[in-house]
Structures are given as structure tokens and as C-alpha cells.
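Working notes, structure below.
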Amino acid sequence: FTIDISDAGSLQRSLNRLGRQCTDEVLLKCITEMLKLPMKPAQYIAAGTLSSAECAHFALSIPYYTHFTSPIRRYADVIVHRVLQATIDGEEAVSDFVLSQNEIDTICKRCNDKKEGSRKAQERSDVVFLALYLRRNPLKSQMGIVMSVGQKAFTVFIPSLGISELVYLDEHKDWISFEAIEETHNMGRRIKLERTARHNGETWNELMIKSMTKVRVKCKCQEKPPISVKLELEGPFEEN
């Protein structure tokens, strides 16, 4: 499959075409997850403080964008309401506006900090609740998709839980040996695994870890602080 990421419109057309051609829903989820990773969250800005290109909204593929709701939820919405009202009232209202561009910029940065803090708190809360659930109810033999490969670890996306976590191979040394294979030609980094001892009835002998490899993992709660989700490799995932 070829995916054009030059702009949001091309990306959307590529994904629509992929959705028609690909029957593997898990693969579609993984590709969507991978495309989300490099995207930066939207930020509040004061018009005129950035270049026109930096004001564009990638996902909507439009050069200028603002949003607001009823001004009872966010202070940023209050500011947008006031700026829009001044714009509607005319040039005199704009020139007499109570806030300068620098003051609006300072407010935007403060709102961005608070919004980012709220987002991180929510994500952390979700992880803690999931980890505490897994402490009592660990999930065995979950299908995971390898998203990226490092020297001694690889990132696995768990479609059933909608999370991505690292699998650390140093924590499996008592029954798995591994060798990292660096990028060659069009092949990304891979890791060759060999089972060196008996472990929980596993019968596989070798496994090549590369992007989009399906693996079988155990999801549980990390034993040491901080509270988080922990993945343990079991072996290759075999389709029924």
C-alpha cells in the first residue's frame, strides 16, 4: 500500500483507498495509530505571532482555523468570543481592544500549558486504572502488533486495549536470546529471537521481530513504581 502524507487531503484519500482495499481491520488500526504518533496536538495562538504556514490546520487542510464553544468551559473560548465580537463591531473596536497581541499571546501560552497538563493527567489516570485492573485480572495470550523496533526492546500495539507499550528483551533473558539486525536496503531494524529454555509450555524456537509482526503477549501491572501496564512476550501470534 502507498500512503501519501504530503497534506491532509492526500492522507485522507490514501486512508480511504486503503480502507477499501485492505480487509485486515487490525492492520488498519495499526496504520492509523502509527500516523497519529508524529502529529502534534493543536495549540492556541495569537494571530500575527506566527507565519501563515504555522497557522494552518493539518487535519482539516485549511490555512486558518479557530474554534470556540459556550464560554463557560474554557477561558480561551472567552477570549475568542471577545476577539470575534470586536471584529464584527469594526476596525475601531479592534483598535480599542482591551488586550494587546502580546497579552493575548501570553494568555494562549498559559492556556496551552493547562490544556497539556489536563491531557497528561487524563492519560495517566487511564493508565493507572487499567494497570490496577490488570493487577487483579492479568490478560494472557493477547494479540499485539510490533510498531517499532529498537536494539533491546520493541513497541507493541494491543488492539483489544488500544494501548502501545514496550517489551524489554533483557527481562526475558532467562528463556530468550536475541540479536539486533540493523537496517539493510529497504528492511528496517529487526531482532532475531531464539527460545533457549522451556517456558510455560511454549514450543516455538525462532521468531523474527520486525514492523507489523503479530506477537502474543501477557498484559499485567508493573510490579515496581510507578503504576503502569507491563507487557511480557509469550511468542508468535497464530491466527485461528
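Naming works like this for the C-alpha cells: A, B, ... for the chains as they're shown, residue 1 at the start of each chain, ligands 1 onward in shown order.
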
Name all residues at most 7 Å from stretch 229-236 of chain A (count only C-alpha atoms; drop same-chain ones fewer than 5 positions away) and give them as a PyMOL selection string.
chain A and resi 127+131+165+167+207+214-222

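As for atom CA of A:Asn137 and atom CA of A:Asn200, they are spaced 18.4 Å apart.
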
Which residues are close to stretch 97-103 of chain A, i.e. within 9 Å by only C-alpha atoms, leaving aside same-chain residues fewer than 2 positions away? Reply as an mmCIF file with all heavy atoms, in the first residue's frame.
```cif
data_model
loop_
_atom_site.group_PDB
_atom_site.id
_atom_site.type_symbol
_atom_site.label_atom_id
_atom_site.label_comp_id
_atom_site.auth_asym_id
_atom_site.auth_seq_id
_atom_site.Cartn_x
_atom_site.Cartn_y
_atom_site.Cartn_z
ATOM 1 N N ALA A 46 -1.892 33.445 19.155
ATOM 2 C CA ALA A 46 -2.386 34.795 18.878
ATOM 3 C C ALA A 46 -2.088 35.107 17.416
ATOM 4 O O ALA A 46 -0.948 34.994 16.970
ATOM 5 C CB ALA A 46 -1.705 35.802 19.797
ATOM 6 N N ALA A 47 -3.102 35.476 16.665
ATOM 7 C CA ALA A 47 -2.928 35.769 15.243
ATOM 8 C C ALA A 47 -1.862 36.849 15.070
ATOM 9 O O ALA A 47 -1.854 37.857 15.776
ATOM 10 C CB ALA A 47 -4.246 36.219 14.629
ATOM 11 N N GLY A 48 -0.942 36.594 14.130
ATOM 12 C CA GLY A 48 0.111 37.556 13.863
ATOM 13 C C GLY A 48 1.430 37.228 14.517
ATOM 14 O O GLY A 48 2.456 37.819 14.182
ATOM 15 N N THR A 49 1.432 36.274 15.463
ATOM 16 C CA THR A 49 2.679 35.907 16.142
ATOM 17 C C THR A 49 3.423 34.803 15.408
ATOM 18 O O THR A 49 4.590 34.554 15.695
ATOM 19 C CB THR A 49 2.403 35.450 17.585
ATOM 20 O OG1 THR A 49 1.506 34.319 17.560
ATOM 21 C CG2 THR A 49 1.760 36.565 18.394
ATOM 22 N N ARG A 82 -14.548 37.420 22.612
ATOM 23 C CA ARG A 82 -14.286 38.863 22.674
ATOM 24 C C ARG A 82 -13.622 39.363 21.388
ATOM 25 O O ARG A 82 -13.972 40.436 20.878
ATOM 26 C CB ARG A 82 -13.402 39.170 23.887
ATOM 27 C CG ARG A 82 -14.109 38.954 25.224
ATOM 28 C CD ARG A 82 -13.147 39.114 26.386
ATOM 29 N NE ARG A 82 -13.834 38.941 27.671
ATOM 30 C CZ ARG A 82 -13.203 38.878 28.849
ATOM 31 N NH1 ARG A 82 -11.878 38.970 28.899
ATOM 32 N NH2 ARG A 82 -13.887 38.718 29.954
ATOM 33 N N VAL A 83 -12.660 38.584 20.873
ATOM 34 C CA VAL A 83 -11.976 38.992 19.636
ATOM 35 C C VAL A 83 -12.946 38.999 18.459
ATOM 36 O O VAL A 83 -12.948 39.924 17.637
ATOM 37 C CB VAL A 83 -10.775 38.054 19.361
ATOM 38 C CG1 VAL A 83 -10.181 38.332 17.984
ATOM 39 C CG2 VAL A 83 -9.706 38.224 20.430
ATOM 40 N N ALA A 86 -15.257 41.976 18.672
ATOM 41 C CA ALA A 86 -14.574 43.203 18.257
ATOM 42 C C ALA A 86 -14.444 43.259 16.744
ATOM 43 O O ALA A 86 -14.600 44.322 16.130
ATOM 44 C CB ALA A 86 -13.200 43.289 18.912
ATOM 45 N N GLU A 92 -12.653 50.165 14.554
ATOM 46 C CA GLU A 92 -12.456 50.955 15.772
ATOM 47 C C GLU A 92 -12.465 50.069 17.007
ATOM 48 O O GLU A 92 -11.645 50.245 17.919
ATOM 49 C CB GLU A 92 -13.546 52.028 15.878
ATOM 50 C CG GLU A 92 -13.344 52.962 17.066
ATOM 51 C CD GLU A 92 -14.382 54.064 17.116
ATOM 52 O OE1 GLU A 92 -15.117 54.251 16.129
ATOM 53 O OE2 GLU A 92 -14.455 54.749 18.161
ATOM 54 N N ALA A 93 -13.373 49.106 17.041
ATOM 55 C CA ALA A 93 -13.435 48.181 18.176
ATOM 56 C C ALA A 93 -12.171 47.328 18.250
ATOM 57 O O ALA A 93 -11.681 47.031 19.342
ATOM 58 C CB ALA A 93 -14.670 47.286 18.049
ATOM 59 N N VAL A 94 -11.631 46.964 17.085
ATOM 60 C CA VAL A 94 -10.400 46.174 17.057
ATOM 61 C C VAL A 94 -9.235 46.989 17.593
ATOM 62 O O VAL A 94 -8.437 46.514 18.409
ATOM 63 C CB VAL A 94 -10.102 45.669 15.628
ATOM 64 C CG1 VAL A 94 -8.727 45.006 15.574
ATOM 65 C CG2 VAL A 94 -11.170 44.685 15.177
ATOM 66 N N SER A 95 -9.112 48.246 17.130
ATOM 67 C CA SER A 95 -8.002 49.089 17.573
ATOM 68 C C SER A 95 -8.105 49.444 19.050
ATOM 69 O O SER A 95 -7.087 49.667 19.718
ATOM 70 C CB SER A 95 -7.952 50.370 16.731
ATOM 71 O OG SER A 95 -9.154 51.125 16.882
ATOM 72 N N ASP A 105 -1.054 36.595 23.365
ATOM 73 C CA ASP A 105 -0.062 35.525 23.200
ATOM 74 C C ASP A 105 0.277 34.893 24.542
ATOM 75 O O ASP A 105 0.391 33.664 24.659
ATOM 76 C CB ASP A 105 1.191 36.085 22.531
ATOM 77 C CG ASP A 105 2.219 35.008 22.244
ATOM 78 O OD1 ASP A 105 1.856 33.975 21.641
ATOM 79 O OD2 ASP A 105 3.393 35.178 22.626
ATOM 80 N N THR A 106 0.441 35.707 25.572
ATOM 81 C CA THR A 106 0.735 35.192 26.918
ATOM 82 C C THR A 106 -0.417 34.339 27.434
ATOM 83 O O THR A 106 -0.205 33.273 28.028
ATOM 84 C CB THR A 106 0.996 36.360 27.894
ATOM 85 O OG1 THR A 106 2.124 37.126 27.435
ATOM 86 C CG2 THR A 106 1.279 35.846 29.302
ATOM 87 N N ILE A 107 -1.649 34.799 27.191
ATOM 88 C CA ILE A 107 -2.829 34.033 27.607
ATOM 89 C C ILE A 107 -2.873 32.698 26.880
ATOM 90 O O ILE A 107 -3.162 31.649 27.473
ATOM 91 C CB ILE A 107 -4.116 34.841 27.345
ATOM 92 C CG1 ILE A 107 -4.192 36.039 28.295
ATOM 93 C CG2 ILE A 107 -5.357 33.958 27.505
ATOM 94 C CD1 ILE A 107 -5.303 37.013 27.970
ATOM 95 N N CYS A 108 -2.570 32.709 25.577
ATOM 96 C CA CYS A 108 -2.573 31.471 24.792
ATOM 97 C C CYS A 108 -1.578 30.465 25.339
ATOM 98 O O CYS A 108 -1.880 29.272 25.461
ATOM 99 C CB CYS A 108 -2.252 31.781 23.330
ATOM 100 S SG CYS A 108 -3.572 32.601 22.427
#
```

Could you tell me which of A:Lys152, A:Pro41, A:Arg17, A:Gln12 comes closest to A:Arg119 if we count only C-alpha atoms?
A:Pro41

If you measure from atom CA of A:His185 to atom CA of A:Phe154, what distance in Å do you get, rounded to one decimal?
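Here the two named atoms are 20.5 Å from each other.
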
Exercise: A:Arg189 partners within 8 Å, only C-alpha atoms, chain neighbours under 5 positions left out, as number ranges by chain:
A: 149-150, 180-184, 210

Need to verify the contact set: stretch 192-197 of chain A, 8 Å, only C-alpha atoms, exclusion of same-chain residues closer than 3 positions in sequence. Can you return it as a list of chain:residue names?
A:Asp174, A:Trp175, A:Ile176, A:Ser177, A:Phe178, A:Glu179, A:Ala180, A:Ile181, A:Trp204, A:Asn205, A:Glu206, A:Leu207, A:Met208, A:Ile209

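Proximity to A:Phe68 was assessed for A:Leu84, A:Cys111, A:Cys55, A:Ile163 counting only C-alpha atoms; the smallest distance is recorded for A:Leu84.
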